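Taking it in order: structure first as structure tokens, then the write-up.
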Amino acid sequence: MSDTLIDEGYRPTEDEPFMNDRQREYFRRKLLAWKDDILRESRETLLALQSESENHPDIADRASSETDRSIELRARDRQRKLISKIDAALERINDGTYGYCEETGEPISLKRLEARPIATLSIEAQERHERHERVHRDD
């Protein structure tokens, strides 16, 4: 699939067949670029955390530094989970199920995939899922 040529400015449109080779390649590249960005940021964070072995004499400075470190590590953990979702989306591209709602089997809108390329549910199915969660969370 990676031998599919797409122009630099290419954007999927409703005027072409859904999830044709060009669209799949477009989303594959988008997902890989997103993953690369996350991994690069993670490496930078690790380097920063390793080099920041400051010995803060002031207890308030030390507490602030520890809080910053904790926040950064939580953000990296969320990004680790995001990478697994990106990998799952790449696998769906490979097996031909990418872009289709896991609940209904219907195509997920290109606008939704553009905004959230890891989406597994159509807008309608996602809204039903969230309403269901809200109802059961209140129990």
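Ordering of the structure tokens sets the chain letters (A, B, ...), residue numbers begin anew at 1 in every chain, and ligands are numbered from 1 in the order given.
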| task | Taking the chain letters and numbering used in this document, name the residues of segment 9-135 of chain A that DSSP puts in helix (DSSP H, G or I), as a VMD selection string. | result | chain A and resid 21 to 51 59 to 95 110 to 115 123 to 135
Same residues, C-alpha atoms, saved as an mmCIF file, in the first residue's frame:
data_model
loop_
_atom_site.group_PDB
_atom_site.id
_atom_site.type_symbol
_atom_site.label_atom_id
_atom_site.label_comp_id
_atom_site.auth_asym_id
_atom_site.auth_seq_id
_atom_site.Cartn_x
_atom_site.Cartn_y
_atom_site.Cartn_z
ATOM 1 C CA ASP A 21 -5.968 3.181 -1.747
ATOM 2 C CA ARG A 22 -5.238 6.922 -1.655
ATOM 3 C CA GLN A 23 -7.392 7.506 1.425
ATOM 4 C CA ARG A 24 -5.905 4.542 3.269
ATOM 5 C CA GLU A 25 -2.383 5.723 2.435
ATOM 6 C CA TYR A 26 -3.269 9.277 3.525
ATOM 7 C CA PHE A 27 -4.508 8.086 6.928
ATOM 8 C CA ARG A 28 -1.615 5.636 7.296
ATOM 9 C CA ARG A 29 0.859 8.492 6.807
ATOM 10 C CA LYS A 30 -1.114 10.748 9.150
ATOM 11 C CA LEU A 31 -1.109 8.098 11.884
ATOM 12 C CA LEU A 32 2.602 7.333 11.445
ATOM 13 C CA ALA A 33 3.499 11.043 11.607
ATOM 14 C CA TRP A 34 1.404 11.424 14.779
ATOM 15 C CA LYS A 35 3.118 8.406 16.348
ATOM 16 C CA ASP A 36 6.559 9.746 15.385
ATOM 17 C CA ASP A 37 5.730 13.104 17.013
ATOM 18 C CA ILE A 38 4.628 11.409 20.225
ATOM 19 C CA LEU A 39 7.749 9.234 20.352
ATOM 20 C CA ARG A 40 10.002 12.236 19.704
ATOM 21 C CA GLU A 41 8.304 14.200 22.507
ATOM 22 C CA SER A 42 8.676 11.204 24.824
ATOM 23 C CA ARG A 43 12.401 10.972 24.114
ATOM 24 C CA GLU A 44 12.778 14.700 24.793
ATOM 25 C CA THR A 45 10.881 14.340 28.075
ATOM 26 C CA LEU A 46 13.044 11.432 29.180
ATOM 27 C CA LEU A 47 16.211 13.386 28.397
ATOM 28 C CA ALA A 48 14.890 16.395 30.289
ATOM 29 C CA LEU A 49 13.907 14.296 33.301
ATOM 30 C CA GLN A 50 17.275 12.557 33.344
ATOM 31 C CA SER A 51 19.224 15.798 33.111
ATOM 32 C CA ILE A 59 11.368 22.537 50.048
ATOM 33 C CA ALA A 60 8.836 24.544 48.006
ATOM 34 C CA ASP A 61 11.087 24.362 44.919
ATOM 35 C CA ARG A 62 11.523 20.642 45.420
ATOM 36 C CA ALA A 63 7.756 20.119 45.773
ATOM 37 C CA SER A 64 7.111 22.181 42.644
ATOM 38 C CA SER A 65 9.692 20.186 40.706
ATOM 39 C CA GLU A 66 8.193 16.880 41.865
ATOM 40 C CA THR A 67 4.692 18.050 40.882
ATOM 41 C CA ASP A 68 5.934 19.045 37.419
ATOM 42 C CA ARG A 69 7.621 15.671 37.063
ATOM 43 C CA SER A 70 4.483 13.814 38.087
ATOM 44 C CA ILE A 71 2.322 15.765 35.629
ATOM 45 C CA GLU A 72 4.794 15.114 32.824
ATOM 46 C CA LEU A 73 4.904 11.390 33.563
ATOM 47 C CA ARG A 74 1.090 11.165 33.599
ATOM 48 C CA ALA A 75 0.979 12.940 30.230
ATOM 49 C CA ARG A 76 3.526 10.473 28.839
ATOM 50 C CA ASP A 77 1.441 7.564 30.141
ATOM 51 C CA ARG A 78 -1.613 8.924 28.295
ATOM 52 C CA GLN A 79 0.506 9.206 25.175
ATOM 53 C CA ARG A 80 1.691 5.613 25.596
ATOM 54 C CA LYS A 81 -1.954 4.527 25.553
ATOM 55 C CA LEU A 82 -2.530 6.733 22.511
ATOM 56 C CA ILE A 83 0.312 4.969 20.674
ATOM 57 C CA SER A 84 -1.423 1.628 21.205
ATOM 58 C CA LYS A 85 -4.603 3.129 19.693
ATOM 59 C CA ILE A 86 -2.579 4.435 16.742
ATOM 60 C CA ASP A 87 -1.037 0.975 16.279
ATOM 61 C CA ALA A 88 -4.518 -0.561 16.357
ATOM 62 C CA ALA A 89 -5.691 1.933 13.699
ATOM 63 C CA LEU A 90 -2.685 1.060 11.526
ATOM 64 C CA GLU A 91 -3.590 -2.614 11.890
ATOM 65 C CA ARG A 92 -7.174 -1.828 10.806
ATOM 66 C CA ILE A 93 -5.743 -0.085 7.719
ATOM 67 C CA ASN A 94 -3.768 -3.251 6.951
ATOM 68 C CA ASP A 95 -6.748 -5.572 7.404
ATOM 69 C CA LEU A 110 -14.031 11.584 6.623
ATOM 70 C CA LYS A 111 -14.360 14.738 8.742
ATOM 71 C CA ARG A 112 -14.401 12.629 11.905
ATOM 72 C CA LEU A 113 -11.422 10.554 10.750
ATOM 73 C CA GLU A 114 -9.544 13.721 9.832
ATOM 74 C CA ALA A 115 -10.148 15.128 13.328
ATOM 75 C CA ILE A 123 -20.470 10.030 15.488
ATOM 76 C CA GLU A 124 -23.912 8.496 16.029
ATOM 77 C CA ALA A 125 -22.533 5.325 17.624
ATOM 78 C CA GLN A 126 -20.150 7.374 19.795
ATOM 79 C CA GLU A 127 -23.034 9.565 20.997
ATOM 80 C CA ARG A 128 -25.105 6.455 21.855
ATOM 81 C CA HIS A 129 -22.114 5.012 23.699
ATOM 82 C CA GLU A 130 -21.630 8.234 25.697
ATOM 83 C CA ARG A 131 -25.354 8.491 26.543
ATOM 84 C CA HIS A 132 -25.289 4.871 27.718
ATOM 85 C CA GLU A 133 -22.198 5.572 29.868
ATOM 86 C CA ARG A 134 -23.828 8.666 31.360
ATOM 87 C CA VAL A 135 -27.004 6.776 32.287
#
| What lies within 8 Å of Ser122 of chain A using only C-alpha atoms, ignoring chain neighbours under 3 positions off, as a list in words? | Tyr100, Cys101, Glu106, Pro107, Ile108, Ser109, Arg112, Ala119, Ala125 and Gln126 of chain A
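Rounded to one decimal, atom CA of Leu121 of chain A and atom CA of Asp7 of chain A lie 28.0 Å from each other.
For the pair atom CA of Thr104 of chain A and atom CA of Arg137 of chain A, the separation is 23.8 Å.
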| Pairwise distance for atom CA of Thr97 of chain A and atom CA of Pro12 of chain A, rounded to one decimal in Å | 17.0 Å
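Remark: for Asn20 of chain A, the closest of the candidate residues A:Gly96, A:Pro57, A:Pro117, A:Glu8 is A:Gly96 (distances computed over only C-alpha atoms).
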